[in-house]
Amino acid sequence: MKERISRSVLLSIIAVGVMTFSGVIVETSMNITFPTLISEFHIGLNVVQWITTIYLLVLSSVIPLSKFLKENFKTTHLFIFSGLMFLIGLLIDVFAPSFTFLIIGRLVQGIGTGISLPLMFNLILDNVPLSRLGFMMGFGSLITAAASAVGPTFGGIIVHTLGWRYIFIFLIPILILAMILGMVTIPKLSQPELKLSRFDFASFAFIVFTFAGLIIGISNISTNQLLNVNVWLPLVIGIIALISFMARQNKLANPILNVSILKNHSYSRFLLAFFINQLIILGLAFVVPNYVQIINHSDSSVAGLILLPGAVLGAIISPLSGILLDKVGAKKPILSGSCLILISLIALTMNSAHVSDLFFIITYTLIMIGIGLSYGNIMTKALSYLQNERKADGNAILTTVQQFAGAIGTVIVATIITKVNLVNIHQPVVGFAVAIFFLAVITAIQFIVILFNKD
């Protein structure tokens with residue numbers, strides 16, 4: 001007989017989940033606002049991209065601290081601080097008189113989401129019975145996956161009808177309700193014993209330089225040659241900082257992040273699979289709307305709505321796939337999902353010269369069903385290879401990798417399309433075809449990695 005999940009636990013997860021959903025949806029929906037912001041604030045594309053880049057940079061820098069925060073602050077206090085940061089960031093952006101203030105608001109929002117995202121999964125890991133863990137991890141992954149897919153549709157509709165500031169305005173009452181719910185329910189949960197360890201500022205500096213260097217360097221590839229200083233210098237700084245961070249963690253008695261868990265080969269394989277899933281989600285969220293508008297000459301509202309059926313079905317499948325994990329284990333639903341994604345991407349690759357809007361709806365929906373089957377289960381399976389005292393570290397690394405993949409996923413696909421189309425200037429469809437083929441190749445890698453992992 002399965003153990004029940006208490007009402008307080010469920011409502012607490014929902015409260016943090018709503019906050020996380022809001023953070024992810026504002027991340028993806030803001031990409032739609034770029035042309036409007038360029039016109040309104042008289043800036044270039046290289047500047048407006050910082051709306052997303054600064055947000056992802058802050059997320060990537062804050063999430064690795066989740067283990068330290070969990071050990072040194074009460075869950076209730078973390079939740080309240082996270083909500084207040086997000087709320088303050090939203091208010092700054094609602095009334096932003098200039099682009100600088102808009103960037104500041106996004107930075108503050110990033111702090112809030114960077115705390116709430118791993119907090120949600122830590123709540124699940126610490127409070128949900130093992131027999132229901134797959135279902136609730138599926139529910140948690142549903143939140144991030146659905147928000148990533150729904151964001152462009154939400155942003156497109158809001159910008160077209162009311163204006164970009166309403167993206168933030170609509171989230172304010174939702175966030176306030178989530179904060180009230182969390183402040184009532186989270187204090188009823190058992191709180192982990194605090195360790196009150198010392199914060200290592202050097203490690204945090206290495207984290208910031210790692211992600212600043214890697215994200216900026218990779219972002220610059222789309223507009224520069226690989227040997228350009230704007231590409232290789234940030235990448236070199238990022239790589240040196242990453243090596244320095246890992247070396248320092250191995251020396252510290254109480255590291256911010258225990259990177260030694262990466263020596264667990266099964267965990268690392270599923271970490272790679274998780275990274276690939278996020279690349280597929282963000283890559284397709286760029287490829288599909290742009291193909292539909294540039295090649296098929298459909299309008300932006302159609303491009304956004306094409307993603308909607310897949311987002312909804314993927315969201316429904318995520319917790320159901322967690323039930324499958326609880327009953328038959330993780331490998332079967334994960335491999336089924338990966339296989340479905342691969343077949344759909346192969347079909348898109350073979351028909352990439354002319355993909356109708358209807359064919360995109362069908363294949364994208366199948367891909368999102370595959371994501372729903374695999375996404376949360378990959379995360380749950382990865383953490384199952386770690387001892388309980390290492391799961392907070394494992395969760396922090398997974399959610400950090402998730403955000404890093406989100407930061408570079410769009411850039412990689414956009415760079416492929418741009419570079420290929422420079423050679424095939426009169427056939428823009430070729431760039432999209434190569435990008436879709438790239439996504440199919442990394443999906444095949446994911447399938448092989450999971451298939452041959454020894455359980």
# chains A, B, ... in the order shown; residues from 1 in each chain; ligands from 1
>>> closest_atom_pairs(of="segment 79-143 of chain A", to="segment 51-56 of chain A", cutoff="8 Å", atoms="only C-alpha atoms", output="JSON lines")
{"residue": "A:Leu102", "atom": "CA", "partner": "A:Ile51", "partner_atom": "CA", "distance": 7.7}
{"residue": "A:Ile103", "atom": "CA", "partner": "A:Ile51", "partner_atom": "CA", "distance": 6.0}
{"residue": "A:Arg106", "atom": "CA", "partner": "A:Tyr55", "partner_atom": "CA", "distance": 5.6}
{"residue": "A:Leu107", "atom": "CA", "partner": "A:Tyr55", "partner_atom": "CA", "distance": 5.5}
{"residue": "A:Gln109", "atom": "CA", "partner": "A:Tyr55", "partner_atom": "CA", "distance": 7.3}
{"residue": "A:Gly110", "atom": "CA", "partner": "A:Tyr55", "partner_atom": "CA", "distance": 5.0}
>>> residues_around(residues="segment 68-76 of chain A", least_positions_apart="6", cutoff="6 Å", atoms="only C-alpha atoms", output="ChimeraX atom specification")
/A:186,194-196,256
>>> write_last_selection(atoms="C-alpha atoms", output="mmCIF file, in the first residue's frame")
data_model
loop_
_atom_site.group_PDB
_atom_site.id
_atom_site.type_symbol
_atom_site.label_atom_id
_atom_site.label_comp_id
_atom_site.auth_asym_id
_atom_site.auth_seq_id
_atom_site.Cartn_x
_atom_site.Cartn_y
_atom_site.Cartn_z
ATOM 1 C CA ILE A 186 5.888 25.305 4.823
ATOM 2 C CA LEU A 194 20.984 23.673 10.475
ATOM 3 C CA LYS A 195 24.779 23.362 10.280
ATOM 4 C CA LEU A 196 25.637 27.088 10.204
ATOM 5 C CA ILE A 256 29.662 24.625 -1.274
#
>>> closest_atom_pairs(of="segment 129-218 of chain A", to="segment 366-377 of chain A", cutoff="8 Å", atoms="only C-alpha atoms", output="Markdown table")
| residue | atom | partner | partner_atom | distance |
| --- | --- | --- | --- | --- |
| A:Gly134 | CA | A:Asn377 | CA | 6.8 |
| A:Met137 | CA | A:Gly376 | CA | 5.7 |
| A:Gly138 | CA | A:Gly376 | CA | 4.6 |
| A:Phe139 | CA | A:Gly376 | CA | 7.8 |
| A:Gly140 | CA | A:Gly376 | CA | 7.4 |
| A:Ser141 | CA | A:Gly376 | CA | 5.0 |
| A:Leu142 | CA | A:Gly372 | CA | 7.3 |
>>> residues_around(residues="Asn127 of chain A", least_positions_apart="4", cutoff="8 Å", atoms="only C-alpha atoms", output="list in words")
Val9, Leu123 and Leu189 of chain A
>>> closest_residue(among="A:Val355, A:Ala96, A:Ala315, A:Val423", to="His297 of chain A", atoms="only C-alpha atoms")
A:Val355
>>> closest_residue(among="A:Thr443, A:Thr399, A:Ser190, A:Asn453", to="Lys331 of chain A", atoms="only C-alpha atoms")
A:Asn453
>>> residues_around(residues="segment 36-46 of chain A", least_positions_apart="5", cutoff="10 Å", atoms="only C-alpha atoms", output="PyMOL selection string")
chain A and resi 30+51+97-100+159-160+163-164+219-220+223
>>> atom_distance(atom1="atom CA of Lys381 of chain A", atom2="atom CA of Lys188 of chain A")
28.5 Å
>>> select_by_dssp(residues="segment 67-197 of chain A", states="helix (DSSP H, G or I)", output="PyMOL selection string")
chain A and resi 67-72+75-94+99-127+130-161+165-188
>>> write_last_selection(atoms="C-alpha atoms", output="short mmCIF file (atom, residue, chain, number, x, y, z; two decimals), in the first residue's frame")
data_model
loop_
_atom_site.label_atom_id
_atom_site.label_comp_id
_atom_site.auth_asym_id
_atom_site.auth_seq_id
_atom_site.Cartn_x
_atom_site.Cartn_y
_atom_site.Cartn_z
CA LYS A 67 22.99 23.00 -0.65
CA PHE A 68 24.69 25.70 1.45
CA LEU A 69 21.42 27.65 1.77
CA LYS A 70 19.53 24.51 2.79
CA GLU A 71 22.07 23.72 5.51
CA ASN A 72 22.24 27.26 6.90
CA THR A 75 13.13 26.51 4.50
CA THR A 76 10.45 29.07 5.42
CA HIS A 77 12.96 31.92 5.40
CA LEU A 78 14.41 30.83 2.05
CA PHE A 79 10.93 30.68 0.55
CA ILE A 80 9.96 34.16 1.82
CA PHE A 81 13.24 35.71 0.68
CA SER A 82 12.91 34.06 -2.73
CA GLY A 83 9.36 35.34 -3.15
CA LEU A 84 10.25 38.87 -2.07
CA MET A 85 13.20 39.03 -4.48
CA PHE A 86 11.02 37.86 -7.35
CA LEU A 87 8.24 40.30 -6.42
CA ILE A 88 10.63 43.26 -6.13
CA GLY A 89 12.14 42.33 -9.51
CA LEU A 90 8.70 42.22 -11.12
CA LEU A 91 7.78 45.66 -9.71
CA ILE A 92 11.07 47.17 -10.93
CA ASP A 93 10.33 45.91 -14.46
CA VAL A 94 6.69 47.02 -14.44
CA PHE A 99 16.53 49.52 -20.22
CA THR A 100 19.06 49.66 -17.37
CA PHE A 101 16.26 49.38 -14.81
CA LEU A 102 14.75 46.53 -16.83
CA ILE A 103 18.06 44.65 -16.55
CA ILE A 104 18.23 45.31 -12.79
CA GLY A 105 14.72 43.90 -12.39
CA ARG A 106 15.68 40.76 -14.30
CA LEU A 107 18.77 40.34 -12.12
CA VAL A 108 16.69 40.52 -8.92
CA GLN A 109 14.15 38.05 -10.37
CA GLY A 110 17.02 35.68 -11.12
CA ILE A 111 17.98 35.62 -7.43
CA GLY A 112 14.41 34.67 -6.48
CA THR A 113 14.06 31.90 -9.06
CA GLY A 114 17.59 30.65 -8.40
CA ILE A 115 16.56 29.91 -4.80
CA SER A 116 13.05 28.58 -5.48
CA LEU A 117 13.90 26.09 -8.27
CA PRO A 118 16.19 23.77 -6.24
CA LEU A 119 14.08 24.44 -3.13
CA MET A 120 11.09 22.81 -4.85
CA PHE A 121 12.99 19.60 -5.59
CA ASN A 122 14.59 19.56 -2.12
CA LEU A 123 11.10 19.77 -0.58
CA ILE A 124 10.05 16.78 -2.69
CA LEU A 125 13.15 14.74 -1.84
CA ASP A 126 12.91 15.48 1.90
CA ASN A 127 9.16 15.10 2.45
CA LEU A 130 9.74 6.85 -1.56
CA SER A 131 6.74 5.03 -3.08
CA ARG A 132 5.39 8.36 -4.44
CA LEU A 133 8.72 9.99 -5.28
CA GLY A 134 8.54 9.28 -9.02
CA PHE A 135 5.11 10.90 -9.32
CA MET A 136 6.10 14.06 -7.43
CA MET A 137 9.45 14.43 -9.23
CA GLY A 138 7.43 14.16 -12.44
CA PHE A 139 5.15 16.89 -11.12
CA GLY A 140 8.17 19.08 -10.37
CA SER A 141 9.69 18.56 -13.81
CA LEU A 142 6.27 19.24 -15.35
CA ILE A 143 6.44 22.75 -13.91
CA THR A 144 9.76 23.66 -15.55
CA ALA A 145 9.13 21.84 -18.83
CA ALA A 146 5.61 23.24 -19.29
CA ALA A 147 6.69 26.79 -18.45
CA SER A 148 9.54 26.59 -20.97
CA ALA A 149 7.15 25.54 -23.73
CA VAL A 150 4.18 27.77 -22.82
CA GLY A 151 6.31 30.90 -22.28
CA PRO A 152 6.64 31.94 -25.95
CA THR A 153 2.88 31.55 -26.52
CA PHE A 154 2.05 33.51 -23.36
CA GLY A 155 4.57 36.23 -24.22
CA GLY A 156 3.40 36.52 -27.82
CA ILE A 157 -0.26 36.96 -26.87
CA ILE A 158 0.46 39.48 -24.08
CA VAL A 159 2.86 41.59 -26.15
CA HIS A 160 0.47 41.63 -29.12
CA THR A 161 -2.63 42.59 -27.10
CA ARG A 165 4.93 45.20 -19.11
CA TYR A 166 1.82 43.07 -18.59
CA ILE A 167 4.00 39.94 -18.64
CA PHE A 168 5.21 41.10 -15.22
CA ILE A 169 1.89 42.57 -14.08
CA PHE A 170 -0.01 39.30 -14.55
CA LEU A 171 2.53 37.40 -12.47
CA ILE A 172 2.33 39.71 -9.42
CA PRO A 173 -1.04 38.50 -7.98
CA ILE A 174 -0.12 34.87 -8.77
CA LEU A 175 3.16 35.27 -6.89
CA ILE A 176 1.45 36.92 -3.89
CA LEU A 177 -1.04 34.04 -3.62
CA ALA A 178 1.81 31.50 -3.83
CA MET A 179 3.69 33.33 -1.06
CA ILE A 180 0.64 33.32 1.22
CA LEU A 181 0.09 29.60 0.60
CA GLY A 182 3.75 28.80 1.27
CA MET A 183 3.96 30.88 4.45
CA VAL A 184 0.97 28.97 5.84
CA THR A 185 2.06 25.44 4.86
CA ILE A 186 5.89 25.30 4.82
CA PRO A 187 6.29 26.00 8.59
CA LYS A 188 4.24 22.81 9.22
#
